[in-house]
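structure_7.csv follows (CSV, C-alpha atoms):
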chain,number,residue,atom,x,y,z
U,1,MET,CA,0.0,0.0,0.0
U,2,THR,CA,1.3,3.4,-1.0
U,3,ILE,CA,0.3,6.6,0.9
U,4,LEU,CA,0.3,9.9,-1.1
U,5,THR,CA,-0.3,13.2,0.6
U,6,ILE,CA,-1.6,16.3,-1.3
U,7,ALA,CA,-0.3,19.3,0.6
U,8,ASN,CA,0.3,23.1,0.3
U,9,GLN,CA,-0.2,25.4,3.2
U,10,LYS,CA,-1.7,28.0,0.9
U,11,GLY,CA,-5.4,27.6,0.3
U,12,GLY,CA,-7.2,27.6,-3.1
U,13,VAL,CA,-4.4,26.0,-5.0
U,14,GLY,CA,-6.4,23.0,-6.2
U,15,LYS,CA,-5.5,20.5,-3.5
U,16,THR,CA,-8.9,18.9,-3.2
U,17,THR,CA,-9.6,19.0,-7.0
U,18,THR,CA,-6.2,17.2,-7.5
U,19,ALA,CA,-6.9,14.7,-4.7
U,20,VAL,CA,-10.3,13.8,-6.0
U,21,THR,CA,-9.3,13.7,-9.7
U,22,LEU,CA,-6.2,11.6,-9.0
U,23,ALA,CA,-8.0,9.3,-6.6
U,24,HIS,CA,-10.8,8.6,-9.1
U,25,GLY,CA,-8.3,8.3,-11.9
U,26,LEU,CA,-6.4,5.6,-10.0
U,27,ALA,CA,-9.7,3.9,-9.1
U,28,LEU,CA,-10.7,3.9,-12.8
U,29,SER,CA,-7.3,2.3,-13.6
U,30,GLY,CA,-8.3,-0.6,-11.3
U,31,ARG,CA,-6.4,0.3,-8.2
U,32,ARG,CA,-8.3,0.0,-4.9
U,33,THR,CA,-8.1,3.6,-3.6
U,34,LEU,CA,-9.0,5.3,-0.4
U,35,LEU,CA,-9.2,9.1,-0.3
U,36,VAL,CA,-9.0,10.6,3.2
U,37,ASP,CA,-10.2,14.1,4.0
U,38,LEU,CA,-8.0,15.8,6.6
U,39,ASP,CA,-9.5,19.2,6.0
U,40,PRO,CA,-12.3,20.4,8.3
U,41,GLN,CA,-14.0,22.0,5.2
U,42,GLY,CA,-15.0,18.5,4.2
U,43,HIS,CA,-14.9,19.2,0.5
U,44,VAL,CA,-13.7,15.7,-0.6
U,45,ALA,CA,-17.2,14.3,0.1
U,46,PHE,CA,-18.9,17.4,-1.3
U,47,SER,CA,-16.9,17.1,-4.6
U,48,LEU,CA,-18.1,13.5,-5.0
U,49,GLY,CA,-21.7,14.3,-4.2
U,50,ILE,CA,-21.6,12.7,-0.8
U,51,PRO,CA,-22.7,14.4,2.5
U,52,LYS,CA,-20.0,15.6,4.8
U,53,ALA,CA,-19.4,13.3,7.8
U,54,PRO,CA,-17.1,13.0,10.7
U,55,GLY,CA,-15.3,9.9,9.4
U,56,PHE,CA,-11.8,11.2,10.1
U,57,TYR,CA,-12.8,12.3,13.6
U,58,HIS,CA,-14.1,8.8,14.3
U,59,LEU,CA,-10.9,7.3,12.9
U,60,ILE,CA,-8.7,9.3,15.1
U,61,VAL,CA,-10.7,10.2,18.3
U,62,ASP,CA,-12.8,7.1,18.6
U,63,GLU,CA,-10.2,4.8,17.1
U,64,GLU,CA,-12.8,3.2,14.9
U,65,SER,CA,-11.5,0.8,12.2
U,66,ILE,CA,-11.0,1.9,8.6
U,67,ASP,CA,-13.7,-0.6,7.6
U,68,LYS,CA,-16.2,1.3,9.7
U,69,VAL,CA,-15.4,4.8,8.7
U,70,ALA,CA,-14.5,4.3,5.0
U,71,ILE,CA,-17.6,4.8,2.9
U,72,PRO,CA,-18.3,3.7,-0.7
U,73,THR,CA,-18.7,6.4,-3.4
U,74,ALA,CA,-20.8,4.5,-5.9
U,75,ARG,CA,-17.6,4.4,-8.0
U,76,ALA,CA,-15.7,1.2,-8.5
U,77,ASN,CA,-12.5,0.9,-6.4
U,78,LEU,CA,-13.0,4.3,-4.7
U,79,GLU,CA,-13.8,4.8,-1.0
U,80,ILE,CA,-13.4,7.9,1.1
U,81,ILE,CA,-13.1,8.8,4.7
U,82,PRO,CA,-15.0,12.0,4.8
U,83,GLY,CA,-14.3,15.0,7.0
U,84,ASP,CA,-16.3,17.8,8.5
U,85,LYS,CA,-15.7,20.5,11.1
U,86,ARG,CA,-15.1,17.9,13.7
U,87,THR,CA,-11.8,17.2,12.0
U,88,GLU,CA,-10.7,20.3,13.9
U,89,LYS,CA,-11.5,18.6,17.2
U,90,ALA,CA,-9.5,15.5,16.0
U,91,LYS,CA,-6.5,17.8,15.8
U,92,ARG,CA,-6.7,18.4,19.6
U,93,THR,CA,-6.7,14.7,20.2
U,94,VAL,CA,-3.6,14.4,18.0
U,95,VAL,CA,-1.8,17.1,20.0
U,96,ILE,CA,-2.4,15.5,23.4
U,97,SER,CA,-1.7,11.9,22.2
U,98,ASN,CA,1.5,10.2,23.2
U,99,PHE,CA,2.9,9.9,19.7
U,100,PRO,CA,1.3,12.7,17.7
U,101,SER,CA,3.5,12.3,14.7
U,102,GLU,CA,2.6,8.7,14.3
U,103,ILE,CA,-1.2,8.9,14.8
U,104,VAL,CA,-2.1,8.9,11.1
U,105,SER,CA,0.2,6.1,10.1
U,106,ARG,CA,-1.1,4.0,13.1
U,107,ALA,CA,-4.7,4.7,12.1
U,108,LEU,CA,-4.0,3.7,8.4
U,109,ARG,CA,-2.0,0.6,9.3
U,110,GLY,CA,-3.3,-2.5,7.6
U,111,ALA,CA,-5.8,-0.7,5.4
U,112,GLY,CA,-6.5,-3.0,2.5
U,113,TYR,CA,-6.0,-0.6,-0.4
U,114,ASP,CA,-3.5,-0.2,-3.2
U,115,ILE,CA,-3.2,3.5,-2.6
U,116,VAL,CA,-4.3,5.9,0.1
U,117,ILE,CA,-4.5,9.6,-0.7
U,118,LEU,CA,-4.5,12.2,2.1
U,119,ASP,CA,-6.0,15.5,1.3
U,120,LEU,CA,-4.6,18.0,3.8
U,121,ALA,CA,-6.0,21.3,5.0
U,122,PRO,CA,-4.2,24.5,4.1
U,123,SER,CA,-2.3,24.8,7.3
U,124,LEU,CA,0.9,23.7,9.0
U,125,ASP,CA,0.0,21.8,12.1
U,126,VAL,CA,0.5,18.6,14.0
U,127,LEU,CA,-1.9,16.7,11.7
U,128,HIS,CA,0.1,17.9,8.7
U,129,VAL,CA,3.3,16.5,10.2
U,130,SER,CA,1.6,13.3,11.2
U,131,ALA,CA,0.3,12.9,7.6
U,132,LEU,CA,3.7,13.5,6.2
U,133,MET,CA,5.2,10.9,8.6
U,134,ALA,CA,2.6,8.4,7.2
U,135,SER,CA,3.3,9.2,3.6
U,136,ASP,CA,5.6,7.7,0.9
U,137,TRP,CA,5.1,10.5,-1.5
U,138,VAL,CA,4.0,14.1,-1.4
U,139,LEU,CA,2.4,16.0,-4.2
U,140,ILE,CA,2.4,19.7,-3.8
U,141,PRO,CA,-0.1,21.5,-6.0
U,142,THR,CA,0.7,25.2,-6.4
U,143,LYS,CA,-0.9,28.2,-8.2
U,144,LEU,CA,1.7,30.2,-10.0
U,145,ASP,CA,1.8,33.2,-7.8
U,146,ALA,CA,4.5,34.2,-5.3
U,147,MET,CA,2.4,33.3,-2.2
U,148,ALA,CA,1.5,29.9,-3.4
U,149,VAL,CA,5.0,29.1,-4.5
U,150,ASP,CA,6.1,30.3,-1.0
U,151,GLY,CA,3.6,27.6,0.3
U,152,VAL,CA,5.7,25.0,-1.6
U,153,ASN,CA,8.7,26.1,0.3
U,154,GLU,CA,6.8,25.8,3.6
U,155,VAL,CA,5.7,22.2,2.8
U,156,LEU,CA,9.3,21.4,1.9
U,157,ARG,CA,10.5,22.8,5.3
U,158,SER,CA,7.9,20.5,7.1
U,159,MET,CA,9.2,17.6,5.0
U,160,GLY,CA,12.7,18.5,6.0
U,161,GLU,CA,11.6,18.0,9.7
U,162,VAL,CA,10.1,14.6,8.8
U,163,VAL,CA,13.2,13.5,6.9
U,164,GLU,CA,15.3,14.5,9.9
U,165,ARG,CA,13.3,12.0,11.9
U,166,GLY,CA,14.5,9.3,9.5
U,167,HIS,CA,11.4,9.0,7.3
U,168,ARG,CA,12.1,8.8,3.6
U,169,LEU,CA,9.8,10.9,1.5
U,170,GLY,CA,9.6,11.7,-2.3
U,171,TYR,CA,7.8,14.6,-3.7
U,172,SER,CA,6.7,16.3,-6.9
U,173,ILE,CA,5.2,19.8,-7.6
U,174,LEU,CA,2.1,20.2,-9.7
U,175,PRO,CA,1.5,23.7,-11.0
U,176,THR,CA,-2.3,24.4,-11.2
U,177,PHE,CA,-4.5,27.1,-12.7
U,178,PHE,CA,-1.9,27.6,-15.4
U,179,ASP,CA,-2.7,30.5,-17.8
U,180,ARG,CA,0.0,30.8,-20.4
U,181,THR,CA,-1.2,34.3,-21.4
U,182,THR,CA,-0.4,35.8,-18.0
U,183,ARG,CA,3.1,37.0,-17.6
U,184,GLU,CA,3.3,36.4,-13.8
U,185,THR,CA,2.2,32.7,-14.3
U,186,VAL,CA,4.9,32.2,-16.9
U,187,VAL,CA,7.6,33.9,-14.8
U,188,GLN,CA,6.7,31.9,-11.7
U,189,PHE,CA,6.6,28.7,-13.7
U,190,GLN,CA,10.0,29.3,-15.2
U,191,ALA,CA,11.4,30.0,-11.7
U,192,LEU,CA,9.8,26.9,-10.3
U,193,VAL,CA,11.3,24.7,-13.0
U,194,GLU,CA,14.7,26.3,-12.5
U,195,ALA,CA,14.6,25.7,-8.8
U,196,PHE,CA,13.0,22.2,-8.7
U,197,GLN,CA,13.9,20.8,-12.2
U,198,GLU,CA,12.4,17.3,-12.8
U,199,ARG,CA,10.3,17.6,-9.6
U,200,VAL,CA,8.0,19.9,-11.5
U,201,TRP,CA,5.2,18.2,-13.4
U,202,PRO,CA,3.5,19.7,-16.5
U,203,PRO,CA,0.9,22.2,-15.3
U,204,ILE,CA,-2.8,21.8,-15.1
U,205,PRO,CA,-4.4,24.4,-17.3
U,206,GLN,CA,-6.8,26.9,-15.8
U,207,ASP,CA,-10.2,25.5,-16.6
U,208,THR,CA,-13.7,26.6,-15.6
U,209,LYS,CA,-14.9,23.0,-15.8
U,210,ALA,CA,-12.7,22.1,-12.8
U,211,ARG,CA,-14.7,24.7,-10.8
U,212,GLU,CA,-18.0,23.4,-12.1
U,213,ALA,CA,-17.6,19.7,-11.5
U,214,PRO,CA,-17.8,19.8,-7.6
U,215,ALA,CA,-21.1,21.7,-7.9
U,216,TYR,CA,-22.6,18.7,-9.6
U,217,GLY,CA,-20.8,16.2,-7.2
U,218,LYS,CA,-18.8,14.7,-10.1
U,219,SER,CA,-15.2,14.1,-10.6
U,220,LEU,CA,-13.6,15.6,-13.8
U,221,TRP,CA,-13.5,12.1,-15.3
U,222,GLU,CA,-17.3,12.0,-15.0
U,223,TYR,CA,-18.1,15.6,-15.7
U,224,CYS,CA,-15.9,16.5,-18.6
U,225,PRO,CA,-13.1,14.0,-19.4
U,226,GLU,CA,-11.9,15.9,-22.5
U,227,THR,CA,-11.6,19.3,-20.8
U,228,PRO,CA,-8.1,21.0,-20.8
U,229,ALA,CA,-7.6,20.4,-17.1
U,230,VAL,CA,-7.8,16.7,-17.8
U,231,VAL,CA,-6.1,16.3,-21.2
U,232,GLY,CA,-3.7,19.3,-21.0
U,233,PHE,CA,-2.7,21.8,-23.6
U,234,ASP,CA,-1.4,19.7,-26.4
U,235,HIS,CA,-3.9,16.9,-26.4
U,236,GLY,CA,-0.9,14.6,-26.5
U,237,ARG,CA,-2.1,13.7,-23.0
U,238,THR,CA,1.4,14.3,-21.5
U,239,SER,CA,0.0,17.1,-19.3
U,240,GLY,CA,-3.2,17.9,-17.4
U,241,TYR,CA,-4.5,15.3,-14.9
U,242,VAL,CA,-4.0,12.5,-17.5
U,243,GLY,CA,-0.2,13.4,-17.5
U,244,ALA,CA,-0.2,13.8,-13.7
U,245,LEU,CA,-1.8,10.4,-13.2
U,246,SER,CA,0.7,8.6,-15.5
U,247,ARG,CA,3.6,10.3,-13.7
U,248,LEU,CA,2.1,9.4,-10.3
U,249,VAL,CA,1.8,5.8,-11.3
U,250,GLU,CA,5.5,5.9,-12.5
U,251,SER,CA,6.6,7.5,-9.2
U,252,LEU,CA,4.9,5.1,-6.9
G,1,MET,CA,39.0,21.3,-21.5
G,2,ASP,CA,35.6,22.8,-20.6
G,3,ALA,CA,34.5,22.2,-17.0
G,4,LEU,CA,31.9,19.5,-16.7
G,5,LYS,CA,28.4,20.9,-16.3
G,6,ARG,CA,25.5,18.8,-15.1
G,7,GLN,CA,22.7,18.6,-17.7
G,8,PRO,CA,19.4,20.0,-16.4
G,9,SER,CA,16.8,17.2,-16.2
G,10,VAL,CA,13.4,18.6,-16.7
G,11,ASP,CA,10.2,16.6,-17.6
G,12,PRO,CA,10.0,16.5,-21.4
G,13,ALA,CA,6.5,17.9,-21.4
G,14,VAL,CA,7.6,20.8,-19.2
G,15,ALA,CA,10.6,21.4,-21.5
G,16,ASP,CA,8.3,21.5,-24.5
G,17,LEU,CA,6.0,23.9,-22.7
G,18,LEU,CA,8.9,26.2,-21.7
G,19,SER,CA,10.2,26.3,-25.2
G,20,ASP,CA,6.6,27.2,-26.5
G,21,LEU,CA,6.4,29.9,-23.9
G,22,ASP,CA,9.7,31.2,-24.9
G,23,ARG,CA,8.7,31.3,-28.6
G,24,ARG,CA,5.5,33.2,-27.7
G,25,ARG,CA,7.5,35.7,-25.6
G,26,ARG,CA,9.9,36.3,-28.5
G,27,LEU,CA,7.0,36.6,-30.8
G,28,SER,CA,5.2,39.2,-28.7
G,29,ALA,CA,8.4,41.3,-28.5
G,30,LEU,CA,8.4,41.7,-32.3
G,31,PRO,CA,6.6,44.6,-34.2
G,32,LYS,CA,3.2,43.6,-35.5
G,33,SER,CA,4.3,43.1,-39.1
G,34,ALA,CA,7.3,41.0,-38.2
G,35,ARG,CA,5.0,39.0,-35.9
G,36,LYS,CA,2.8,38.1,-38.8
G,37,LYS,CA,5.7,36.9,-40.9
G,38,ALA,CA,7.2,34.9,-38.0
G,39,ARG,CA,3.8,33.2,-37.4
G,40,ARG,CA,3.6,32.4,-41.2
G,41,ASP,CA,7.2,31.0,-41.1
G,42,ALA,CA,6.4,28.9,-38.0
G,43,ALA,CA,3.4,27.4,-39.8
G,44,ARG,CA,5.5,26.3,-42.8
G,45,HIS,CA,6.8,22.8,-42.7
G,46,LYS,CA,10.5,22.8,-43.6
G,47,VAL,CA,12.5,19.7,-44.2
G,48,GLY,CA,16.1,19.1,-45.1
G,49,MET,CA,16.8,16.5,-47.8
G,50,ASP,CA,19.9,15.5,-49.8
G,51,PHE,CA,19.6,16.5,-53.5
G,52,PRO,CA,22.4,16.0,-55.9
G,53,PRO,CA,23.7,19.4,-57.0
G,54,GLU,CA,22.9,18.8,-60.7
G,55,LEU,CA,19.3,17.9,-59.9
G,56,HIS,CA,19.0,21.0,-57.7
G,57,GLU,CA,20.3,23.0,-60.7
G,58,GLU,CA,17.8,21.4,-63.1
G,59,LEU,CA,15.0,22.2,-60.7
G,60,ARG,CA,16.2,25.8,-60.3
G,61,GLN,CA,16.2,26.3,-64.1
G,62,VAL,CA,12.7,24.9,-64.5
G,63,ALA,CA,11.5,27.0,-61.5
G,64,ASP,CA,13.0,30.1,-63.0
G,65,LYS,CA,11.4,29.3,-66.4
G,66,GLU,CA,8.0,28.7,-64.8
G,67,LYS,CA,8.4,31.7,-62.4
G,68,ILE,CA,7.7,29.5,-59.3
G,69,SER,CA,9.7,28.6,-56.2
G,70,ILE,CA,12.0,25.5,-56.2
G,71,SER,CA,10.1,24.3,-53.1
G,72,SER,CA,6.7,24.3,-54.8
G,73,LEU,CA,8.2,22.7,-57.9
G,74,ALA,CA,9.9,20.0,-55.8
G,75,ALA,CA,6.7,19.4,-53.8
G,76,PHE,CA,4.7,19.2,-57.0
G,77,PHE,CA,7.0,16.6,-58.6
G,78,ALA,CA,7.2,14.7,-55.3
G,79,LYS,CA,3.4,14.5,-55.1
G,80,ARG,CA,3.1,13.4,-58.8
G,81,GLY,CA,5.8,10.8,-58.3
G,82,LEU,CA,4.1,9.5,-55.1
G,83,GLU,CA,0.8,9.2,-56.9
G,84,GLU,CA,2.5,7.2,-59.7
G,85,TYR,CA,4.2,5.0,-57.1
G,86,GLN,CA,0.9,4.4,-55.2
G,87,ALA,CA,-0.9,3.6,-58.4
G,88,GLY,CA,1.8,0.9,-59.1
G,89,HIS,CA,3.2,2.6,-62.1
G,90,VAL,CA,6.7,3.1,-60.6
G,91,ASP,CA,8.9,0.2,-59.6
G,92,LEU,CA,11.8,1.1,-57.4
G,93,TYR,CA,13.6,-2.2,-57.7
G,94,PRO,CA,15.7,-1.4,-60.8
G,95,TYR,CA,17.0,1.7,-58.9
G,96,LYS,CA,17.9,0.0,-55.7
G,97,ARG,CA,21.5,-0.4,-54.6
G,98,ILE,CA,22.8,-1.9,-51.4
G,99,SER,CA,23.4,0.9,-48.8
G,100,ARG,CA,26.6,1.2,-46.9
G,101,CYS,CA,24.7,3.0,-44.2
G,102,ALA,CA,23.6,0.9,-41.3
G,103,ARG,CA,20.2,2.7,-41.0
G,104,PHE,CA,19.0,1.6,-44.5
G,105,GLU,CA,19.2,-1.5,-46.5
G,106,TYR,CA,19.2,0.2,-49.9
G,107,ILE,CA,19.7,3.6,-51.5
G,108,LEU,CA,18.1,4.6,-54.7
G,109,SER,CA,20.2,5.5,-57.7
G,110,LEU,CA,18.8,8.1,-59.9
G,111,GLU,CA,20.1,6.1,-62.9
G,112,LYS,CA,18.4,2.8,-63.7
G,113,VAL,CA,20.6,-0.1,-62.8
G,114,ASP,CA,21.0,-2.4,-65.7
G,115,GLU,CA,20.5,-6.1,-64.8
Please go through the file and, once you have read it, give me the structure as structure tokens.
Amino acid sequence: MTILTIANQKGGVGKTTTAVTLAHGLALSGRRTLLVDLDPQGHVAFSLGIPKAPGFYHLIVDEESIDKVAIPTARANLEIIPGDKRTEKAKRTVVISNFPSEIVSRALRGAGYDIVILDLAPSLDVLHVSALMASDWVLIPTKLDAMAVDGVNEVLRSMGEVVERGHRLGYSILPTFFDRTTRETVVQFQALVEAFQERVWPPIPQDTKAREAPAYGKSLWEYCPETPAVVGFDHGRTSGYVGALSRLVESL
Amino acid sequence: MDALKRQPSVDPAVADLLSDLDRRRRLSALPKSARKKARRDAARHKVGMDFPPELHEELRQVADKEKISISSLAAFFAKRGLEEYQAGHVDLYPYKRISRCARFEYILSLEKVDE
């Protein structure tokens, strides 16, 4: 089982869209996938047309088994552990626990999935570190503006702490909301590639469909599978979420 | 000797995108008229092929006589030749010679090989 974390301390960079799209993409490719919502906003369930629920809270605070808190999504191979505002309370439990940094990995131990995706909240807290400690790989979505790119550096700093504790962790950076006509986007993209080289994946084009899909409770694969956010710019399917999915499968 | 320099390793799709962005940036820096020409040039499909000098000269003379470009004349003859080949009217066999290049088995002689 591989655990992938989607993280950026900056909000609104496309973390949940990325988590939902990749999770459903992996499920469609036949991998048993669990998507865990660690964000009190509970938008993972919302994006898939499922009511928000305190699944993560029950997993951490009540120590319920994954079988009990994971719910089906009416999509083959895809289950989620939903979140809601009670996830915030779960954080307090993590803080006062004996091994806060290990609480997520302990909770996920023995889960019978091929891949688990953790969708983090836009913050740097104990839950964040605990999720990183549980992870094999981190995907950092970022908008191409100075503040979001700074968020990438913050995630890397947290990862540094985790690596110092002896945990090996790979990562990639996924530029989102890419608009090639905007000068600032292009400048930030070039700077990002210069700094992180092969860690930077081809960007996800800015796409209104990606904003519409959650309103209908559909993933992008269901709502508009040929939209630029999915197939990328060149229709060669080397970028967009199709490209990200193939790179993810290669990386894991 | 030049100092060794590590090659940058960037995802090929990212490298393609960067070069496309660079092309667009250079294009937008040009004056409007030059931009139009640059776009037209970019849309043209240019290929490099080996032509014997005497054939090139013959083509040039016909092109001059007909007041057309060598490119369009060569494209026209290539198209006509291809149609003949596809219709089965051209047999390449008598023109084939063993190639000394490892990439190809044969080369074509422009003169028919007598058997």
Please, which residues in chain G fall within 6 Å of chain U when counting all atoms listed in the file, and what is the closest atom pair and distance in Å to one decimal for each, ordered by chain then residue number, as a tab-separated table?
residue	atom	partner	partner_atom	distance
G:Ser9	CA	U:Glu198	CA	5.6
G:Val10	CA	U:Glu198	CA	4.2
G:Asp11	CA	U:Glu198	CA	5.3
G:Val14	CA	U:Pro202	CA	5.0
Worksheet item: Any idea what's packed within 6 Å of stretch 142-153 of chain U, counting all atoms listed in the file, ignoring anything in its chain fewer than 5 positions away? Could you give it as a PyMOL selection string?
Response: chain U and resi 8-10+13+175-177+185+188
Worksheet item: What is the distance between atom CA of U:Thr18 and atom CA of U:Val162, in Å to one decimal?
Response: 23.2 Å
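Among the candidates U:Pro51, U:Val129, U:Pro228, U:Pro141, the one nearest to U:Val163 when counting all atoms listed in the file is U:Val129.
The gap separating atom CA of U:Thr182 from atom CA of G:Arg44 is 27.2 Å, in Å to one decimal.
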